[in-house]
Amino acid sequence: MLEDRLLMWKYNHGNVDVLQRIYVKYKDDLMTLATAFLYDRGSAEDVVHDVFVTFIRSCGKQRLTRSLKGYLVTCVANDVRNKNKARQRHASASLEQVSPIASDSNRPDISAVFGKRSQRLAWALRQLPCRQREVLLLHLYSGLKFRAIAELEGESINTIQGRYRYGLNKLRSLLNSEVQK
Amino acid sequence: MRPADNIRKSFTELHVPTSARLDEQINVEISMALVKARNKKSADPLPNIWRMIVKNRTTKLAAAAVIIITVVVGIHYLGSSGTSVAFAEVIQRFESVPFFNLTIYVGNDTTAEAQKIEIWKSEKSQVRAHEANKVIFIDFADGNNVFVAFDRSTMQPVNADGIAKAVLMWILGTGKRFSLENIINSLPAEAKDITSVKTADNAASRETVVFEARHRTRPEQLLLIWALRESKLPVRMHFNSHSKYSDFLFDYSQKKDSAFFDSNAFTKQRDR
């Protein structure tokens, strides 16, 4: 946490020497988050690439005030949303159609992306509606507070907490039913 | 343990690492930011120390002594292996060559095969590069640095982004000229001291001279440059950083004709 404050201070003052450390520190977290949003490694890499390139080019030009990780996570979430919107416009399909509900036959793909250890969770997450999945990932994986997620999504904090509860219940029942099988 | 805690724990096990290609692209982007920052810093007006020095007789003498000591120490370090070749001469000589061919291998310890990139520069400051199935043309004489890329099999236009473009931008820097100086400028401050490497006294070392820039605190990060003692031209450059490496091999023997660097001539082949 203290290291992040120092990195942010240096970044705000245009010290480009900190960029390598920031990239190494957060690259895998952001890559995992983007992959969990998109279920496509290639698109997730595009998102992480775009986010970091913009971040690098803005060194010293923008001022980070809250949390470094929170800022990068928000950038990834926004970029994913933009990508989904663009895809939606392109295919004139709904967000749910863009991320099709997975069947058991999709399991090998999931394990190829996330590894065998996390394939159950990844599979269950994929069954959730997009917005519930987003709240769960931002809160439980990236550690964003509900208030921050509400700001990001442009919704009230109650709506976000509601999505979290519904999402968590559904995820739990999916994982339990999976265990009973 | 609350039910949410079990799920929270399983979230922490999610892990998808970035690919070596993405790491390479971001590292190049960071290197470019470093070059830009250094160039900006050197362009910023400095406080007028010189005027302060020349106004005072004592400081004038002290400054002269410092300059003499710096020159003597510099000659001692750059020429420590008994060579009269200074790195500045290698930089200068490389900038004066009319044409060259540069083959670059980029790889890391985990992947068996390194990526190969070839770059040719013409006398008229035109560049052609090959990266996998992509061919890139750039004419930097006008200073616009417009990259045009095509697929070599279909000959259709493609996006120029990639390692070749990043390397070209790295060597071109903001000065719009191919220079080893741009590469040195992009190194972190802790690795900017270029020293000549002491080599064994044999036939090879009598013909070549080796320079290195090693990171002061992370010795695994280093840049090695081999240059010919007589012509002072660089022949090889090896850049090592963590588990990644890049090898640059310079060749000055083949001169390509102007059509080779002409993107229009390339597209005409497609239209034929």
# chains A, B, ... in the order shown; residues from 1 in each chain; ligands from 1
call {"tool": "residues_around", "arguments": {"residues": "Thr65 of chain A", "least_positions_apart": "2", "cutoff": "12 Å", "atoms": "only C-alpha atoms", "output": "PyMOL selection string"}}
result
chain A and resi 4-9+11-12+62-63+67-71
call {"tool": "interface_residues", "arguments": {"of": "chain A", "to": "chain B", "cutoff": "8 Å", "atoms": "only C-alpha atoms", "output": "ChimeraX atom specification"}}
result
/A:16-17,19-20,27-29,31-32,35,45,49,52-53,56-57,113-115,117-118,121,137,140-141,168,172
call {"tool": "closest_residue", "arguments": {"among": "A:Leu128, A:Leu38, A:Leu30, A:Val135", "to": "Asn82 of chain A", "atoms": "only C-alpha atoms"}}
result
A:Leu38
call {"tool": "residues_around", "arguments": {"residues": "segment 121-126 of chain B", "least_positions_apart": "6", "cutoff": "6 Å", "atoms": "only C-alpha atoms", "output": "ChimeraX atom specification"}}
result
/B:98-100,138-139,141
call {"tool": "residues_around", "arguments": {"residues": "Arg93 of chain B", "least_positions_apart": "3", "cutoff": "12 Å", "atoms": "only C-alpha atoms", "output": "list in words"}}
result
Val85, Ala86, Phe87, Ala88, Glu89, Val90, Ser96, Val97, Pro98, Phe178, Ser179, Leu180, Glu181, Ala227, Leu228, Arg229, Glu230, Ser231, Lys232, Leu233, Pro234 and Val235 of chain B
call {"tool": "write_last_selection", "arguments": {"atoms": "N, CA and C atoms", "output": "short mmCIF file (atom, residue, chain, number, x, y, z; two decimals), in the first residue's frame"}}
result
data_model
loop_
_atom_site.label_atom_id
_atom_site.label_comp_id
_atom_site.auth_asym_id
_atom_site.auth_seq_id
_atom_site.Cartn_x
_atom_site.Cartn_y
_atom_site.Cartn_z
N VAL B 85 39.70 2.93 -29.54
CA VAL B 85 38.33 3.14 -30.01
C VAL B 85 37.46 3.60 -28.84
N ALA B 86 36.85 4.75 -29.01
CA ALA B 86 35.92 5.24 -28.00
C ALA B 86 34.50 4.97 -28.49
N PHE B 87 33.59 4.78 -27.56
CA PHE B 87 32.22 4.44 -27.97
C PHE B 87 31.60 5.56 -28.81
N ALA B 88 31.97 6.79 -28.49
CA ALA B 88 31.45 7.93 -29.25
C ALA B 88 31.80 7.80 -30.73
N GLU B 89 32.98 7.22 -30.99
CA GLU B 89 33.40 7.05 -32.39
C GLU B 89 32.52 6.00 -33.09
N VAL B 90 32.15 4.96 -32.33
CA VAL B 90 31.29 3.91 -32.89
C VAL B 90 29.92 4.51 -33.25
N SER B 96 27.14 7.38 -39.98
CA SER B 96 27.61 7.83 -41.29
C SER B 96 27.50 6.74 -42.37
N VAL B 97 27.16 5.49 -41.98
CA VAL B 97 27.09 4.45 -43.02
C VAL B 97 25.85 4.69 -43.89
N PRO B 98 26.01 4.57 -45.21
CA PRO B 98 24.89 4.89 -46.10
C PRO B 98 23.77 3.85 -46.05
N PHE B 178 18.78 7.13 -37.50
CA PHE B 178 19.22 5.88 -36.91
C PHE B 178 20.45 6.15 -36.08
N SER B 179 20.37 5.93 -34.78
CA SER B 179 21.53 6.21 -33.95
C SER B 179 21.58 5.28 -32.75
N LEU B 180 22.80 4.82 -32.44
CA LEU B 180 22.99 4.00 -31.24
C LEU B 180 22.78 4.86 -29.99
N GLU B 181 22.91 6.16 -30.17
CA GLU B 181 22.74 7.09 -29.05
C GLU B 181 21.31 7.00 -28.50
N ALA B 227 32.22 -3.96 -31.77
CA ALA B 227 32.51 -3.09 -32.91
C ALA B 227 33.85 -3.47 -33.51
N LEU B 228 34.02 -3.21 -34.81
CA LEU B 228 35.30 -3.50 -35.46
C LEU B 228 36.30 -2.41 -35.09
N ARG B 229 37.50 -2.86 -34.74
CA ARG B 229 38.50 -1.92 -34.24
C ARG B 229 38.92 -0.91 -35.32
N GLU B 230 39.05 -1.39 -36.53
CA GLU B 230 39.57 -0.50 -37.57
C GLU B 230 38.49 0.44 -38.12
N SER B 231 37.38 -0.15 -38.55
CA SER B 231 36.34 0.70 -39.16
C SER B 231 35.46 1.37 -38.11
N LYS B 232 35.50 0.86 -36.87
CA LYS B 232 34.70 1.37 -35.75
C LYS B 232 33.20 1.16 -35.97
N LEU B 233 32.86 0.21 -36.83
CA LEU B 233 31.45 -0.07 -37.09
C LEU B 233 30.93 -1.15 -36.14
N PRO B 234 29.72 -0.97 -35.59
CA PRO B 234 29.18 -2.04 -34.73
C PRO B 234 28.80 -3.25 -35.57
N VAL B 235 29.06 -4.45 -35.05
CA VAL B 235 28.71 -5.67 -35.78
C VAL B 235 27.68 -6.51 -35.03
#
call {"tool": "decode", "arguments": {"residues": "segment 23-55 of chain A", "atoms": "N, CA, C and O atoms", "output": "PDB file, in the first residue's frame"}}
result
ATOM      1  N   TYR A  23       3.870  -1.974 -14.108  1.00  0.00           N
ATOM      2  CA  TYR A  23       3.428  -2.999 -15.066  1.00  0.00           C
ATOM      3  C   TYR A  23       3.639  -4.399 -14.483  1.00  0.00           C
ATOM      4  O   TYR A  23       2.723  -5.217 -14.480  1.00  0.00           O
ATOM      5  N   VAL A  24       4.850  -4.637 -13.966  1.00  0.00           N
ATOM      6  CA  VAL A  24       5.162  -5.973 -13.417  1.00  0.00           C
ATOM      7  C   VAL A  24       4.229  -6.299 -12.246  1.00  0.00           C
ATOM      8  O   VAL A  24       3.749  -7.413 -12.103  1.00  0.00           O
ATOM      9  N   LYS A  25       3.910  -5.296 -11.435  1.00  0.00           N
ATOM     10  CA  LYS A  25       3.098  -5.518 -10.237  1.00  0.00           C
ATOM     11  C   LYS A  25       1.647  -5.886 -10.590  1.00  0.00           C
ATOM     12  O   LYS A  25       1.047  -6.736  -9.938  1.00  0.00           O
ATOM     13  N   TYR A  26       1.090  -5.240 -11.603  1.00  0.00           N
ATOM     14  CA  TYR A  26      -0.352  -5.406 -11.840  1.00  0.00           C
ATOM     15  C   TYR A  26      -0.736  -6.124 -13.133  1.00  0.00           C
ATOM     16  O   TYR A  26      -1.913  -6.330 -13.379  1.00  0.00           O
ATOM     17  N   LYS A  27       0.232  -6.477 -13.965  1.00  0.00           N
ATOM     18  CA  LYS A  27      -0.109  -7.023 -15.282  1.00  0.00           C
ATOM     19  C   LYS A  27      -0.962  -8.288 -15.194  1.00  0.00           C
ATOM     20  O   LYS A  27      -1.976  -8.410 -15.889  1.00  0.00           O
ATOM     21  N   ASP A  28      -0.578  -9.230 -14.325  1.00  0.00           N
ATOM     22  CA  ASP A  28      -1.302 -10.501 -14.265  1.00  0.00           C
ATOM     23  C   ASP A  28      -2.703 -10.325 -13.667  1.00  0.00           C
ATOM     24  O   ASP A  28      -3.658 -10.962 -14.108  1.00  0.00           O
ATOM     25  N   ASP A  29      -2.818  -9.451 -12.664  1.00  0.00           N
ATOM     26  CA  ASP A  29      -4.134  -9.190 -12.060  1.00  0.00           C
ATOM     27  C   ASP A  29      -5.088  -8.626 -13.107  1.00  0.00           C
ATOM     28  O   ASP A  29      -6.252  -9.031 -13.205  1.00  0.00           O
ATOM     29  N   LEU A  30      -4.596  -7.673 -13.889  1.00  0.00           N
ATOM     30  CA  LEU A  30      -5.451  -7.040 -14.890  1.00  0.00           C
ATOM     31  C   LEU A  30      -5.776  -7.999 -16.027  1.00  0.00           C
ATOM     32  O   LEU A  30      -6.883  -8.001 -16.558  1.00  0.00           O
ATOM     33  N   MET A  31      -4.794  -8.832 -16.363  1.00  0.00           N
ATOM     34  CA  MET A  31      -5.004  -9.819 -17.430  1.00  0.00           C
ATOM     35  C   MET A  31      -6.072 -10.827 -16.994  1.00  0.00           C
ATOM     36  O   MET A  31      -6.951 -11.185 -17.771  1.00  0.00           O
ATOM     37  N   THR A  32      -5.989 -11.263 -15.735  1.00  0.00           N
ATOM     38  CA  THR A  32      -6.971 -12.225 -15.211  1.00  0.00           C
ATOM     39  C   THR A  32      -8.365 -11.596 -15.218  1.00  0.00           C
ATOM     40  O   THR A  32      -9.338 -12.224 -15.645  1.00  0.00           O
ATOM     41  N   LEU A  33      -8.441 -10.341 -14.770  1.00  0.00           N
ATOM     42  CA  LEU A  33      -9.727  -9.656 -14.711  1.00  0.00           C
ATOM     43  C   LEU A  33     -10.334  -9.516 -16.111  1.00  0.00           C
ATOM     44  O   LEU A  33     -11.513  -9.837 -16.322  1.00  0.00           O
ATOM     45  N   ALA A  34      -9.518  -9.055 -17.050  1.00  0.00           N
ATOM     46  CA  ALA A  34     -10.022  -8.859 -18.423  1.00  0.00           C
ATOM     47  C   ALA A  34     -10.455 -10.190 -19.033  1.00  0.00           C
ATOM     48  O   ALA A  34     -11.470 -10.270 -19.728  1.00  0.00           O
ATOM     49  N   THR A  35      -9.705 -11.262 -18.742  1.00  0.00           N
ATOM     50  CA  THR A  35     -10.062 -12.585 -19.289  1.00  0.00           C
ATOM     51  C   THR A  35     -11.366 -13.074 -18.663  1.00  0.00           C
ATOM     52  O   THR A  35     -12.207 -13.664 -19.350  1.00  0.00           O
ATOM     53  N   ALA A  36     -11.537 -12.816 -17.366  1.00  0.00           N
ATOM     54  CA  ALA A  36     -12.766 -13.251 -16.689  1.00  0.00           C
ATOM     55  C   ALA A  36     -13.980 -12.464 -17.197  1.00  0.00           C
ATOM     56  O   ALA A  36     -15.102 -12.960 -17.169  1.00  0.00           O
ATOM     57  N   PHE A  37     -13.761 -11.251 -17.653  1.00  0.00           N
ATOM     58  CA  PHE A  37     -14.851 -10.463 -18.236  1.00  0.00           C
ATOM     59  C   PHE A  37     -15.203 -10.959 -19.641  1.00  0.00           C
ATOM     60  O   PHE A  37     -16.355 -11.045 -20.015  1.00  0.00           O
ATOM     61  N   LEU A  38     -14.171 -11.250 -20.419  1.00  0.00           N
ATOM     62  CA  LEU A  38     -14.369 -11.475 -21.858  1.00  0.00           C
ATOM     63  C   LEU A  38     -14.324 -12.946 -22.290  1.00  0.00           C
ATOM     64  O   LEU A  38     -14.786 -13.284 -23.369  1.00  0.00           O
ATOM     65  N   TYR A  39     -13.716 -13.791 -21.470  1.00  0.00           N
ATOM     66  CA  TYR A  39     -13.545 -15.218 -21.798  1.00  0.00           C
ATOM     67  C   TYR A  39     -12.851 -15.397 -23.146  1.00  0.00           C
ATOM     68  O   TYR A  39     -13.162 -16.303 -23.909  1.00  0.00           O
ATOM     69  N   ASP A  40     -11.926 -14.492 -23.436  1.00  0.00           N
ATOM     70  CA  ASP A  40     -11.188 -14.576 -24.687  1.00  0.00           C
ATOM     71  C   ASP A  40      -9.813 -13.954 -24.430  1.00  0.00           C
ATOM     72  O   ASP A  40      -9.698 -12.757 -24.154  1.00  0.00           O
ATOM     73  N   ARG A  41      -8.791 -14.796 -24.480  1.00  0.00           N
ATOM     74  CA  ARG A  41      -7.427 -14.346 -24.145  1.00  0.00           C
ATOM     75  C   ARG A  41      -6.940 -13.221 -25.038  1.00  0.00           C
ATOM     76  O   ARG A  41      -6.342 -12.264 -24.579  1.00  0.00           O
ATOM     77  N   GLY A  42      -7.236 -13.367 -26.349  1.00  0.00           N
ATOM     78  CA  GLY A  42      -6.765 -12.365 -27.317  1.00  0.00           C
ATOM     79  C   GLY A  42      -7.342 -10.989 -27.030  1.00  0.00           C
ATOM     80  O   GLY A  42      -6.615  -9.987 -26.957  1.00  0.00           O
ATOM     81  N   SER A  43      -8.684 -10.951 -26.838  1.00  0.00           N
ATOM     82  CA  SER A  43      -9.337  -9.665 -26.566  1.00  0.00           C
ATOM     83  C   SER A  43      -8.872  -9.103 -25.231  1.00  0.00           C
ATOM     84  O   SER A  43      -8.698  -7.894 -25.075  1.00  0.00           O
ATOM     85  N   ALA A  44      -8.658 -10.012 -24.245  1.00  0.00           N
ATOM     86  CA  ALA A  44      -8.208  -9.556 -22.922  1.00  0.00           C
ATOM     87  C   ALA A  44      -6.829  -8.916 -23.034  1.00  0.00           C
ATOM     88  O   ALA A  44      -6.557  -7.886 -22.422  1.00  0.00           O
ATOM     89  N   GLU A  45      -5.949  -9.510 -23.854  1.00  0.00           N
ATOM     90  CA  GLU A  45      -4.602  -8.934 -24.046  1.00  0.00           C
ATOM     91  C   GLU A  45      -4.700  -7.566 -24.704  1.00  0.00           C
ATOM     92  O   GLU A  45      -3.948  -6.655 -24.363  1.00  0.00           O
ATOM     93  N   ASP A  46      -5.644  -7.428 -25.649  1.00  0.00           N
ATOM     94  CA  ASP A  46      -5.839  -6.121 -26.309  1.00  0.00           C
ATOM     95  C   ASP A  46      -6.221  -5.067 -25.273  1.00  0.00           C
ATOM     96  O   ASP A  46      -5.729  -3.946 -25.300  1.00  0.00           O
ATOM     97  N   VAL A  47      -7.125  -5.463 -24.359  1.00  0.00           N
ATOM     98  CA  VAL A  47      -7.586  -4.526 -23.329  1.00  0.00           C
ATOM     99  C   VAL A  47      -6.414  -4.100 -22.436  1.00  0.00           C
ATOM    100  O   VAL A  47      -6.180  -2.912 -22.227  1.00  0.00           O
ATOM    101  N   VAL A  48      -5.656  -5.095 -21.943  1.00  0.00           N
ATOM    102  CA  VAL A  48      -4.532  -4.791 -21.039  1.00  0.00           C
ATOM    103  C   VAL A  48      -3.491  -3.934 -21.771  1.00  0.00           C
ATOM    104  O   VAL A  48      -2.957  -2.971 -21.217  1.00  0.00           O
ATOM    105  N   HIS A  49      -3.238  -4.269 -23.036  1.00  0.00           N
ATOM    106  CA  HIS A  49      -2.291  -3.486 -23.844  1.00  0.00           C
ATOM    107  C   HIS A  49      -2.753  -2.028 -23.945  1.00  0.00           C
ATOM    108  O   HIS A  49      -1.997  -1.104 -23.651  1.00  0.00           O
ATOM    109  N   ASP A  50      -4.022  -1.837 -24.339  1.00  0.00           N
ATOM    110  CA  ASP A  50      -4.539  -0.473 -24.529  1.00  0.00           C
ATOM    111  C   ASP A  50      -4.493   0.318 -23.217  1.00  0.00           C
ATOM    112  O   ASP A  50      -4.127   1.485 -23.205  1.00  0.00           O
ATOM    113  N   VAL A  51      -4.881  -0.355 -22.120  1.00  0.00           N
ATOM    114  CA  VAL A  51      -4.910   0.330 -20.820  1.00  0.00           C
ATOM    115  C   VAL A  51      -3.495   0.786 -20.438  1.00  0.00           C
ATOM    116  O   VAL A  51      -3.287   1.936 -20.052  1.00  0.00           O
ATOM    117  N   PHE A  52      -2.513  -0.110 -20.597  1.00  0.00           N
ATOM    118  CA  PHE A  52      -1.153   0.262 -20.193  1.00  0.00           C
ATOM    119  C   PHE A  52      -0.531   1.295 -21.121  1.00  0.00           C
ATOM    120  O   PHE A  52       0.186   2.174 -20.654  1.00  0.00           O
ATOM    121  N   VAL A  53      -0.810   1.175 -22.410  1.00  0.00           N
ATOM    122  CA  VAL A  53      -0.231   2.165 -23.349  1.00  0.00           C
ATOM    123  C   VAL A  53      -0.764   3.563 -23.006  1.00  0.00           C
ATOM    124  O   VAL A  53       0.005   4.531 -22.926  1.00  0.00           O
ATOM    125  N   THR A  54      -2.072   3.667 -22.758  1.00  0.00           N
ATOM    126  CA  THR A  54      -2.652   4.966 -22.390  1.00  0.00           C
ATOM    127  C   THR A  54      -2.056   5.443 -21.066  1.00  0.00           C
ATOM    128  O   THR A  54      -1.723   6.616 -20.915  1.00  0.00           O
ATOM    129  N   PHE A  55      -1.916   4.498 -20.124  1.00  0.00           N
ATOM    130  CA  PHE A  55      -1.369   4.831 -18.802  1.00  0.00           C
ATOM    131  C   PHE A  55       0.070   5.353 -18.925  1.00  0.00           C
ATOM    132  O   PHE A  55       0.425   6.362 -18.312  1.00  0.00           O
TER     133      PHE A  55
END
